[in-house]
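Participant: To be precise about what I am sending: the file is called entry-v4.csv and holds CSV, C-alpha atoms.
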```
chain,number,residue,atom,x,y,z
A,642,MET,CA,98.3,-52.1,-75.2
A,643,SER,CA,96.1,-50.3,-77.8
A,644,ASN,CA,96.9,-46.7,-78.5
A,645,PHE,CA,94.6,-44.1,-76.9
A,646,ASP,CA,94.6,-40.4,-76.3
A,647,VAL,CA,92.7,-40.2,-73.1
A,648,LEU,CA,92.5,-42.4,-70.0
A,649,TRP,CA,89.5,-41.9,-67.8
A,650,LEU,CA,89.7,-43.4,-64.2
A,651,THR,CA,86.9,-44.9,-62.2
A,652,ALA,CA,87.3,-46.0,-58.6
A,653,SER,CA,83.6,-45.9,-57.7
A,654,PRO,CA,82.0,-48.9,-59.4
A,655,SER,CA,78.5,-48.1,-58.0
A,656,LEU,CA,78.6,-44.5,-59.4
A,657,LYS,CA,80.3,-45.1,-62.7
A,658,ARG,CA,77.0,-44.9,-64.5
A,659,PHE,CA,77.2,-41.1,-64.0
A,660,ASP,CA,80.4,-40.9,-66.1
A,661,LEU,CA,78.8,-42.5,-69.1
A,662,PRO,CA,77.1,-39.5,-70.8
A,663,LEU,CA,80.5,-37.6,-70.7
A,664,LEU,CA,82.5,-40.6,-71.9
A,665,ARG,CA,80.1,-41.2,-74.8
A,666,TYR,CA,80.5,-37.6,-75.9
A,667,LEU,CA,84.3,-37.6,-75.6
A,668,SER,CA,84.5,-40.9,-77.5
A,669,THR,CA,83.0,-39.3,-80.6
A,670,LYS,CA,86.0,-36.9,-80.7
A,671,GLN,CA,88.9,-38.8,-79.1
A,672,THR,CA,90.1,-42.3,-78.5
A,673,VAL,CA,89.2,-42.7,-74.8
A,674,ALA,CA,90.2,-45.7,-72.7
A,675,HIS,CA,88.6,-46.5,-69.3
A,676,TRP,CA,90.6,-47.8,-66.4
A,677,GLU,CA,88.6,-49.1,-63.4
A,678,TYR,CA,89.8,-49.9,-59.9
A,679,ILE,CA,87.6,-52.3,-58.0
A,680,GLN,CA,88.4,-53.0,-54.4
A,681,SER,CA,87.0,-56.1,-52.7
A,682,GLU,CA,85.2,-55.7,-49.4
A,683,ASP,CA,87.9,-57.9,-47.8
A,684,GLU,CA,90.7,-55.5,-48.8
A,685,ALA,CA,91.9,-52.6,-46.6
A,686,SER,CA,91.2,-49.3,-48.2
A,687,SER,CA,94.3,-47.9,-50.0
A,688,ILE,CA,94.3,-45.1,-52.5
A,689,TYR,CA,98.0,-45.7,-53.1
A,690,GLN,CA,97.4,-49.3,-54.1
A,691,ALA,CA,95.2,-47.9,-56.9
A,692,VAL,CA,98.1,-45.6,-57.9
A,693,ASP,CA,100.4,-48.6,-58.1
A,694,LEU,CA,98.0,-50.7,-60.1
A,695,LEU,CA,97.5,-47.8,-62.5
A,696,HIS,CA,101.2,-47.6,-63.0
A,697,ASP,CA,101.3,-51.3,-63.8
A,698,PHE,CA,98.7,-50.6,-66.5
A,699,LEU,CA,100.3,-47.6,-68.0
A,700,LYS,CA,104.0,-48.5,-67.9
A,701,SER,CA,103.6,-50.2,-71.3
A,702,SER,CA,102.0,-47.2,-72.9
A,703,PRO,CA,104.1,-45.9,-75.8
A,704,GLN,CA,103.4,-42.3,-75.0
A,705,PRO,CA,102.1,-40.0,-72.2
A,706,VAL,CA,98.3,-39.8,-71.9
A,707,HIS,CA,95.7,-37.2,-71.0
A,708,LEU,CA,94.5,-38.4,-67.6
A,709,ALA,CA,91.1,-37.6,-66.2
A,710,GLY,CA,88.7,-38.5,-63.4
A,711,HIS,CA,85.9,-37.3,-61.1
A,712,GLY,CA,85.9,-37.2,-57.3
A,713,ILE,CA,88.0,-39.9,-55.7
A,714,SER,CA,89.0,-41.1,-59.1
A,715,GLY,CA,90.4,-37.7,-59.9
A,716,ALA,CA,92.3,-37.7,-56.6
A,717,ILE,CA,93.9,-41.0,-57.7
A,718,ALA,CA,94.8,-39.4,-61.1
A,719,LEU,CA,96.3,-36.5,-59.2
A,720,LEU,CA,98.5,-38.6,-57.0
A,721,PHE,CA,99.6,-40.7,-60.0
A,722,ALA,CA,100.5,-37.6,-62.0
A,723,ARG,CA,102.6,-36.3,-59.1
A,724,ARG,CA,104.5,-39.6,-58.8
A,725,TYR,CA,104.8,-40.4,-62.5
A,726,PRO,CA,104.8,-37.0,-64.3
A,727,GLU,CA,106.6,-38.5,-67.3
A,728,MET,CA,103.6,-40.7,-68.1
A,729,VAL,CA,101.0,-37.9,-68.0
A,730,ARG,CA,100.6,-35.4,-70.9
A,731,SER,CA,97.9,-33.4,-69.0
A,732,LEU,CA,95.6,-33.8,-66.0
A,733,SER,CA,91.8,-33.1,-65.9
A,734,LEU,CA,90.1,-33.1,-62.5
A,735,LEU,CA,86.4,-32.9,-62.1
A,736,ALA,CA,84.9,-32.2,-58.7
A,737,VAL,CA,88.3,-32.5,-56.9
A,738,ALA,CA,89.0,-30.1,-54.1
A,739,SER,CA,92.4,-28.6,-53.5
A,740,GLN,CA,92.5,-30.9,-50.5
A,741,PRO,CA,92.0,-34.0,-52.6
A,742,ALA,CA,90.6,-36.1,-49.8
A,743,ASN,CA,87.7,-33.7,-49.4
A,744,THR,CA,85.3,-36.1,-51.2
A,745,TRP,CA,81.6,-36.7,-50.7
A,746,GLN,CA,82.5,-39.5,-48.4
A,747,ALA,CA,84.3,-37.0,-46.1
A,748,HIS,CA,81.2,-34.9,-46.0
A,749,TYR,CA,79.1,-38.0,-45.2
A,750,TYR,CA,81.3,-39.0,-42.3
A,751,THR,CA,81.4,-35.5,-41.0
A,752,GLN,CA,77.6,-35.5,-40.9
A,753,ARG,CA,77.6,-38.8,-39.2
A,754,GLN,CA,79.8,-37.3,-36.5
A,755,ILE,CA,77.6,-34.3,-36.0
A,756,PHE,CA,74.0,-35.5,-36.4
A,757,THR,CA,72.2,-38.3,-34.5
A,758,THR,CA,70.0,-39.2,-37.4
A,759,SER,CA,70.2,-42.7,-39.0
A,760,GLN,CA,72.6,-43.7,-41.7
A,761,GLU,CA,69.6,-44.0,-44.1
A,762,GLN,CA,68.5,-40.5,-43.4
A,763,ILE,CA,71.9,-39.0,-43.9
A,764,LEU,CA,72.4,-40.9,-47.1
A,765,ALA,CA,69.0,-39.6,-48.4
A,766,ASN,CA,70.1,-36.1,-47.5
A,767,ASN,CA,73.3,-36.6,-49.4
A,768,VAL,CA,71.3,-37.8,-52.4
A,769,ARG,CA,69.4,-34.5,-52.4
A,770,SER,CA,72.4,-32.3,-52.1
A,771,LEU,CA,74.6,-34.3,-54.6
A,772,PHE,CA,72.0,-34.6,-57.3
A,773,GLY,CA,69.5,-31.8,-56.6
A,774,ASN,CA,65.8,-32.1,-57.5
A,775,ASN,CA,66.3,-33.4,-61.0
A,776,ARG,CA,67.4,-36.8,-59.9
A,777,PRO,CA,67.8,-39.5,-62.5
A,778,TYR,CA,66.8,-42.3,-60.1
A,779,THR,CA,64.8,-42.6,-56.9
A,780,ILE,CA,66.2,-41.5,-53.6
A,781,GLU,CA,66.2,-45.1,-52.5
A,782,THR,CA,68.2,-46.3,-55.5
A,783,LEU,CA,70.7,-43.5,-55.2
A,784,SER,CA,71.1,-44.1,-51.5
A,785,ILE,CA,72.0,-47.7,-52.2
A,786,ALA,CA,74.6,-46.6,-54.8
A,787,LEU,CA,76.1,-44.2,-52.3
A,788,LYS,CA,76.2,-46.7,-49.5
A,789,ARG,CA,77.9,-49.2,-51.9
A,790,ASP,CA,80.5,-46.5,-52.7
A,791,LEU,CA,81.3,-46.1,-49.1
A,792,GLU,CA,81.9,-49.8,-48.8
A,793,LEU,CA,84.2,-50.0,-51.8
A,794,SER,CA,85.9,-46.6,-51.8
A,795,PRO,CA,89.8,-46.7,-51.8
A,796,CYS,CA,89.7,-43.5,-49.6
A,797,GLN,CA,90.3,-44.3,-46.0
A,798,HIS,CA,87.7,-42.1,-44.4
A,799,SER,CA,85.8,-43.5,-41.5
A,800,LEU,CA,83.6,-42.5,-38.6
A,801,PHE,CA,86.7,-42.3,-36.4
A,802,ARG,CA,89.1,-40.6,-38.7
A,803,LEU,CA,89.1,-38.3,-41.8
A,804,ILE,CA,92.3,-38.5,-43.8
A,805,HIS,CA,94.1,-35.7,-45.7
A,806,LEU,CA,96.2,-35.9,-48.8
A,807,PRO,CA,99.0,-33.6,-49.9
A,808,LYS,CA,97.8,-30.3,-51.4
A,809,GLY,CA,99.5,-28.6,-54.3
A,810,GLY,CA,99.8,-28.6,-58.1
A,811,VAL,CA,101.4,-30.7,-60.8
A,812,SER,CA,104.1,-30.2,-63.4
A,813,MET,CA,102.0,-31.0,-66.4
A,814,PRO,CA,99.1,-28.8,-67.8
A,815,LEU,CA,96.1,-29.0,-65.4
A,816,LEU,CA,92.3,-28.5,-66.1
A,817,VAL,CA,90.1,-28.2,-63.0
A,818,CYS,CA,86.4,-28.3,-63.5
A,819,GLY,CA,83.6,-27.9,-60.9
A,820,SER,CA,80.1,-26.7,-60.4
A,821,LYS,CA,78.7,-23.6,-58.8
A,822,THR,CA,76.1,-25.8,-57.1
A,823,ASP,CA,78.4,-28.5,-55.8
A,824,PRO,CA,78.0,-28.8,-52.0
A,825,VAL,CA,81.2,-30.9,-51.7
A,826,VAL,CA,83.6,-28.8,-53.8
A,827,SER,CA,82.3,-25.3,-53.3
A,828,SER,CA,83.3,-22.4,-55.5
A,829,PRO,CA,85.8,-21.0,-53.0
A,830,THR,CA,87.3,-24.5,-52.5
A,831,LEU,CA,87.6,-24.9,-56.2
A,832,HIS,CA,89.3,-21.6,-56.7
A,833,ASP,CA,91.9,-22.5,-54.1
A,834,TRP,CA,93.5,-24.5,-56.8
A,835,THR,CA,94.7,-21.3,-58.4
A,836,ASN,CA,97.3,-20.9,-55.7
A,837,TRP,CA,99.3,-23.6,-57.5
A,838,PHE,CA,98.4,-22.7,-61.1
A,839,LYS,CA,100.9,-22.4,-63.9
A,840,PRO,CA,100.3,-20.2,-67.0
A,841,GLN,CA,98.9,-23.2,-69.0
A,842,ASP,CA,96.5,-24.3,-66.3
A,843,THR,CA,92.7,-23.7,-66.6
A,844,LEU,CA,89.8,-23.6,-64.1
A,845,TRP,CA,86.1,-23.8,-65.3
A,846,GLU,CA,82.9,-23.8,-63.4
A,847,CYS,CA,79.7,-25.3,-64.7
A,848,PRO,CA,76.7,-23.1,-63.7
A,849,GLY,CA,74.7,-26.1,-62.4
A,850,GLY,CA,74.6,-29.9,-62.1
A,851,TYR,CA,75.6,-30.2,-58.5
A,852,HIS,CA,78.4,-32.7,-57.6
A,853,PHE,CA,77.7,-34.9,-60.7
A,854,PHE,CA,77.6,-32.0,-63.1
A,855,HIS,CA,79.4,-34.0,-65.8
A,856,TYR,CA,76.3,-36.3,-65.9
A,857,PHE,CA,73.8,-33.5,-66.2
A,858,HIS,CA,75.9,-31.4,-68.6
A,859,PRO,CA,78.1,-33.8,-70.6
A,860,GLN,CA,78.4,-31.7,-73.7
A,861,GLU,CA,79.5,-28.5,-72.0
A,862,VAL,CA,82.0,-30.4,-69.8
A,863,GLY,CA,83.2,-32.5,-72.7
A,864,GLN,CA,83.8,-29.5,-74.9
A,865,LYS,CA,85.9,-27.8,-72.2
A,866,MET,CA,88.0,-30.9,-71.9
A,867,LEU,CA,88.4,-31.3,-75.6
A,868,ASN,CA,89.4,-27.6,-76.1
A,869,PHE,CA,92.0,-28.1,-73.3
A,870,TRP,CA,93.5,-31.2,-74.8
A,871,ARG,CA,93.5,-29.6,-78.3
A,872,THR,CA,95.5,-26.7,-76.9
A,873,GLN,CA,98.0,-29.1,-75.2
A,874,ASN,CA,98.4,-31.1,-78.4
A,875,GLN,CA,99.0,-27.9,-80.4
A,876,ASN,CA,101.6,-26.7,-77.9
A,877,LEU,CA,103.3,-30.1,-78.1
A,878,LEU,CA,103.5,-29.9,-81.9
A,879,THR,CA,104.8,-26.4,-81.8
A,880,ASN,CA,107.5,-27.3,-79.4
A,881,SER,CA,108.5,-30.3,-81.4
A,882,LEU,CA,108.7,-28.2,-84.6
A,883,ALA,CA,110.8,-25.6,-82.8
A,884,LYS,CA,113.4,-28.3,-81.9
A,885,CYS,CA,113.8,-29.4,-85.5
```
Turn this file's structure into structure tokens for me.

Facilitator:
Amino acid sequence: MSNFDVLWLTASPSLKRFDLPLLRYLSTKQTVAHWEYIQSEDEASSIYQAVDLLHDFLKSSPQPVHLAGHGISGAIALLFARRYPEMVRSLSLLAVASQPANTWQAHYYTQRQIFTTSQEQILANNVRSLFGNNRPYTIETLSIALKRDLELSPCQHSLFRLIHLPKGGVSMPLLVCGSKTDPVVSSPTLHDWTNWFKPQDTLWECPGGYHFFHYFHPQEVGQKMLNFWRTQNQNLLTNSLAKC
């Protein structure tokens, strides 16, 4: 395995294009690896299977890594960090609620349960709320991407049941990022994370950008992440020198 500083997780193949501006920015400053979980349509949804496969990938890593992800990918990173804390130097979560299963898919299925409108109309409404008016693609194109994400998501939400995942913090340093205009992970929901914060943990809100704020504001988000990692690396060096 090649050495890398940061591992970015992707468990939403149809939406990974919205990670690219941030990854390009981060890659100019850090060695960033990209791990992707692709679930076939024949497989049963299982977020814990993704955690197991991530462990298979990282178990040969010579050192702990900075782990990061957005949405359901961030939820996978969170579950992994709790199960294998010795393999994670720090954890960065983007648009992840304190209830990690509270993803855009959960909001979609809640709307399907409440409203009698068609799937196409609800998907179009989600496009508007997730991306705002400054959409990078047409509503039709983004609706197709969201529908595909529903089909391939490892999260086990459905029309009949919404799942929940354990709430709580992690043992390693944690960065939580969100957007003040995100309809999925609202500002109060984001700040609920502080109930489990340690002194070294950080919360930051982007002023705009909706749910995919890291796509619309890659430099601002990237700089917050880089500053966070730099602080953790400095603390690690200081602690190492203190032991000498």

Participant: A:Ser759, A:Glu781, A:Gln671, A:Leu793: which is nearest Ala652 (chain A), counting all atoms listed in the file?

Facilitator: A:Leu793

Participant: What does the distance from CA of Leu787 (chain A) to CA of His852 (chain A) come to in Å, to one decimal?

Facilitator: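 Separating CA of Leu787 (chain A) from CA of His852 (chain A) is a distance of 12.9 Å.
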
Participant: Which is closest to Pro795 (chain A) among A:Gly809, A:Gly819, A:Pro703, A:Gly712, if we use only C-alpha atoms?

Facilitator: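 Of the candidates, the smallest distance to Pro795 (chain A) is held by A:Gly712.
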
Participant: Do you know which residues are at most 9 Å from His798 (chain A) counting only C-alpha atoms, after dropping those on the same chain fewer than 6 positions away, and could you put them as a PyMOL selection string?

Facilitator: chain A and resi 686+742+746-747+750+791+804

Participant: Using all atoms listed in the file - which residues lie no farther than 10 Å from the point (90.6, -46.8, -59.2) in the file's frame? Write them as a ChimeraX atom specification.

Facilitator: /A:649-654,676-680,687-692,694-695,710,713-718,794-795

Participant: Which protein, DNA or RNA residues have an atom at most 10 Å from (88.8, -20.2, -67.7), counting all atoms listed in the file? List them as a ChimeraX atom specification.

Facilitator: /A:816-818,842-846,865

Participant: Counting all atoms listed in the file, figure out which residue out of A:Asn774, A:Gln740, A:Gln760, A:Ser812 gets nearest to Leu831 (chain A).

Facilitator: A:Gln740

Participant: Neighbours of Thr779 (chain A) within 12 Å (only C-alpha atoms; same-chain residues fewer than 5 positions away dropped), as a PDB file with C-alpha atoms, in the coordinates of the input?

Facilitator:
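Writing done, so here's selection-v1.pdb:
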```
ATOM      1  CA  ALA A 765      69.000 -39.600 -48.400  1.00  0.00           C
ATOM      2  CA  VAL A 768      71.300 -37.800 -52.400  1.00  0.00           C
ATOM      3  CA  ARG A 769      69.400 -34.500 -52.400  1.00  0.00           C
ATOM      4  CA  PHE A 772      72.000 -34.600 -57.300  1.00  0.00           C
ATOM      5  CA  GLY A 773      69.500 -31.800 -56.600  1.00  0.00           C
ATOM      6  CA  ASN A 774      65.800 -32.100 -57.500  1.00  0.00           C
ATOM      7  CA  SER A 784      71.100 -44.100 -51.500  1.00  0.00           C
ATOM      8  CA  ILE A 785      72.000 -47.700 -52.200  1.00  0.00           C
ATOM      9  CA  ALA A 786      74.600 -46.600 -54.800  1.00  0.00           C
TER      10      ALA A 786
END
```

Participant: Report, in Å with one decimal, the straight-line distance from CA of Leu800 (chain A) to CA of Glu761 (chain A).

Facilitator: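 Those two atoms sit 15.1 Å apart.
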
Participant: In Å, with one decimal, what is the gap from CA of Asn766 (chain A) to CA of Gln752 (chain A)?

Facilitator: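 For CA of Asn766 (chain A) relative to CA of Gln752 (chain A), the distance reads 10.0 Å.
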
Participant: Applying 12 Å and only C-alpha atoms, which residues near Met813 (chain A) remain after dropping the ones on its own chain fewer than 5 positions away? List them as a PyMOL selection string.

Facilitator: chain A and resi 705-708+719+721-733+837-843+870+873+877

Participant: Compare A:Ser701, A:Pro824, A:Gln762, A:Lys808 by their minimum atom-to-atom distance to His748 (chain A), counting only C-alpha atoms, and give me the closest one.

Facilitator: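 Using only C-alpha atoms, the shortest distance to His748 (chain A) belongs to A:Pro824.
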
Participant: Given only C-alpha atoms as the basis, pick out the residue of A:His696, A:Arg753, A:Arg776, A:Arg871 nearest to Phe659 (chain A).

Facilitator: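 Result for the nearest residue to Phe659 (chain A): A:Arg776.
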
Participant: Using all atoms listed in the file, can you tell me which of A:Ile763, A:His805, A:Ala736, A:Met866 comes closest to Tyr851 (chain A)?

Facilitator: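 Using all atoms listed in the file, the shortest distance to Tyr851 (chain A) belongs to A:Ala736.
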
Participant: Please return the centre and edge lengths, in Å to one decimal, of a box with edges along x, y and z that contains all listed atoms of region 833-839 of chain A, widened by 8 Å on every side, as JSON.

Facilitator:
```
{"center_x": 96.4, "center_y": -22.7, "center_z": -59.0, "size_x": 25.0, "size_y": 19.6, "size_z": 25.8}
```

Participant: Ser702 (chain A): which residues within 9 Å, counting all atoms listed in the file, same-chain residues fewer than 2 positions away excluded, as a list of chain:residue names?

Facilitator: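 In the requested form, the answer reads A:Met642, A:Ser643, A:Asn644, A:Phe645, A:Phe698, A:Leu699, A:Lys700, A:Gln704, A:Pro705, A:Val706, A:Met728.
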
Participant: Name all residues at most 12 Å from Ser820 (chain A) (count only C-alpha atoms; drop same-chain ones fewer than 4 positions away) and give them as a ChimeraX atom specification.

Facilitator: /A:735-738,771-772,824-832,844-858,861-862

Participant: For region 824-858 of chain A, supply N, CA and C atoms and format the output as an mmCIF file, keeping the file's coordinate frame.

Facilitator:
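Result went into result.cif, see below:
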```cif
data_model
loop_
_atom_site.group_PDB
_atom_site.id
_atom_site.type_symbol
_atom_site.label_atom_id
_atom_site.label_comp_id
_atom_site.auth_asym_id
_atom_site.auth_seq_id
_atom_site.Cartn_x
_atom_site.Cartn_y
_atom_site.Cartn_z
ATOM 1 N N PRO A 824 77.840 -29.017 -53.470
ATOM 2 C CA PRO A 824 78.000 -28.800 -52.000
ATOM 3 C C PRO A 824 79.270 -29.374 -51.459
ATOM 4 N N VAL A 825 79.944 -30.232 -52.207
ATOM 5 C CA VAL A 825 81.200 -30.900 -51.700
ATOM 6 C C VAL A 825 82.383 -30.001 -52.065
ATOM 7 N N VAL A 826 82.546 -29.698 -53.344
ATOM 8 C CA VAL A 826 83.600 -28.800 -53.800
ATOM 9 C C VAL A 826 83.038 -27.484 -54.152
ATOM 10 N N SER A 827 82.919 -26.634 -53.161
ATOM 11 C CA SER A 827 82.300 -25.300 -53.300
ATOM 12 C C SER A 827 83.164 -24.441 -54.224
ATOM 13 N N SER A 828 82.593 -23.335 -54.673
ATOM 14 C CA SER A 828 83.300 -22.400 -55.500
ATOM 15 C C SER A 828 84.611 -21.891 -54.897
ATOM 16 N N PRO A 829 84.586 -21.424 -53.630
ATOM 17 C CA PRO A 829 85.800 -21.000 -53.000
ATOM 18 C C PRO A 829 86.876 -22.107 -52.901
ATOM 19 N N THR A 830 86.395 -23.316 -52.588
ATOM 20 C CA THR A 830 87.300 -24.500 -52.500
ATOM 21 C C THR A 830 87.927 -24.766 -53.854
ATOM 22 N N LEU A 831 87.117 -24.679 -54.899
ATOM 23 C CA LEU A 831 87.600 -24.900 -56.200
ATOM 24 C C LEU A 831 88.683 -23.906 -56.630
ATOM 25 N N HIS A 832 88.394 -22.634 -56.340
ATOM 26 C CA HIS A 832 89.300 -21.600 -56.700
ATOM 27 C C HIS A 832 90.609 -21.590 -55.917
ATOM 28 N N ASP A 833 90.631 -22.327 -54.835
ATOM 29 C CA ASP A 833 91.900 -22.500 -54.100
ATOM 30 C C ASP A 833 92.966 -23.130 -54.901
ATOM 31 N N TRP A 834 92.557 -23.867 -55.943
ATOM 32 C CA TRP A 834 93.500 -24.500 -56.800
ATOM 33 C C TRP A 834 94.451 -23.463 -57.484
ATOM 34 N N THR A 835 93.950 -22.253 -57.688
ATOM 35 C CA THR A 835 94.700 -21.300 -58.400
ATOM 36 C C THR A 835 96.010 -20.860 -57.674
ATOM 37 N N ASN A 836 96.104 -21.195 -56.401
ATOM 38 C CA ASN A 836 97.300 -20.900 -55.700
ATOM 39 C C ASN A 836 98.530 -21.688 -56.220
ATOM 40 N N TRP A 837 98.253 -22.767 -56.954
ATOM 41 C CA TRP A 837 99.300 -23.600 -57.500
ATOM 42 C C TRP A 837 99.316 -23.600 -59.042
ATOM 43 N N PHE A 838 98.536 -22.705 -59.645
ATOM 44 C CA PHE A 838 98.400 -22.700 -61.100
ATOM 45 C C PHE A 838 99.656 -22.225 -61.802
ATOM 46 N N LYS A 839 99.893 -22.829 -62.957
ATOM 47 C CA LYS A 839 100.900 -22.400 -63.900
ATOM 48 C C LYS A 839 100.194 -21.639 -65.032
ATOM 49 N N PRO A 840 100.925 -20.955 -65.905
ATOM 50 C CA PRO A 840 100.300 -20.200 -67.000
ATOM 51 C C PRO A 840 99.360 -21.046 -67.868
ATOM 52 N N GLN A 841 99.691 -22.305 -68.066
ATOM 53 C CA GLN A 841 98.900 -23.200 -69.000
ATOM 54 C C GLN A 841 97.738 -23.851 -68.283
ATOM 55 N N ASP A 842 97.548 -23.647 -66.996
ATOM 56 C CA ASP A 842 96.500 -24.300 -66.300
ATOM 57 C C ASP A 842 95.149 -23.549 -66.431
ATOM 58 N N THR A 843 94.031 -24.280 -66.307
ATOM 59 C CA THR A 843 92.700 -23.700 -66.600
ATOM 60 C C THR A 843 91.727 -24.161 -65.481
ATOM 61 N N LEU A 844 90.854 -23.244 -65.058
ATOM 62 C CA LEU A 844 89.800 -23.600 -64.100
ATOM 63 C C LEU A 844 88.450 -23.177 -64.786
ATOM 64 N N TRP A 845 87.464 -24.069 -64.702
ATOM 65 C CA TRP A 845 86.100 -23.800 -65.300
ATOM 66 C C TRP A 845 85.064 -24.286 -64.340
ATOM 67 N N GLU A 846 84.004 -23.472 -64.193
ATOM 68 C CA GLU A 846 82.900 -23.800 -63.400
ATOM 69 C C GLU A 846 81.611 -23.994 -64.208
ATOM 70 N N CYS A 847 80.962 -25.117 -64.071
ATOM 71 C CA CYS A 847 79.700 -25.300 -64.700
ATOM 72 C C CYS A 847 78.613 -24.585 -63.879
ATOM 73 N N PRO A 848 77.665 -23.913 -64.507
ATOM 74 C CA PRO A 848 76.700 -23.100 -63.700
ATOM 75 C C PRO A 848 75.745 -23.973 -62.887
ATOM 76 N N GLY A 849 75.584 -25.247 -63.197
ATOM 77 C CA GLY A 849 74.700 -26.100 -62.400
ATOM 78 C C GLY A 849 75.170 -27.535 -62.423
ATOM 79 N N GLY A 850 74.279 -28.451 -62.051
ATOM 80 C CA GLY A 850 74.600 -29.900 -62.100
ATOM 81 C C GLY A 850 75.063 -30.502 -60.818
ATOM 82 N N TYR A 851 75.258 -29.671 -59.769
ATOM 83 C CA TYR A 851 75.600 -30.200 -58.500
ATOM 84 C C TYR A 851 76.953 -31.003 -58.534
ATOM 85 N N HIS A 852 77.099 -32.027 -57.698
ATOM 86 C CA HIS A 852 78.400 -32.700 -57.600
ATOM 87 C C HIS A 852 78.630 -33.560 -58.898
ATOM 88 N N PHE A 853 77.568 -34.071 -59.504
ATOM 89 C CA PHE A 853 77.700 -34.900 -60.700
ATOM 90 C C PHE A 853 77.343 -34.068 -61.947
ATOM 91 N N PHE A 854 77.909 -32.872 -62.033
ATOM 92 C CA PHE A 854 77.600 -32.000 -63.100
ATOM 93 C C PHE A 854 77.972 -32.537 -64.479
ATOM 94 N N HIS A 855 78.965 -33.426 -64.514
ATOM 95 C CA HIS A 855 79.400 -34.000 -65.800
ATOM 96 C C HIS A 855 78.303 -34.975 -66.320
ATOM 97 N N TYR A 856 77.446 -35.463 -65.430
ATOM 98 C CA TYR A 856 76.300 -36.300 -65.900
ATOM 99 C C TYR A 856 75.207 -35.465 -66.445
ATOM 100 N N PHE A 857 74.907 -34.356 -65.805
ATOM 101 C CA PHE A 857 73.800 -33.500 -66.200
ATOM 102 C C PHE A 857 74.192 -32.606 -67.421
ATOM 103 N N HIS A 858 75.466 -32.283 -67.558
ATOM 104 C CA HIS A 858 75.900 -31.400 -68.600
ATOM 105 C C HIS A 858 77.130 -31.976 -69.358
#
```
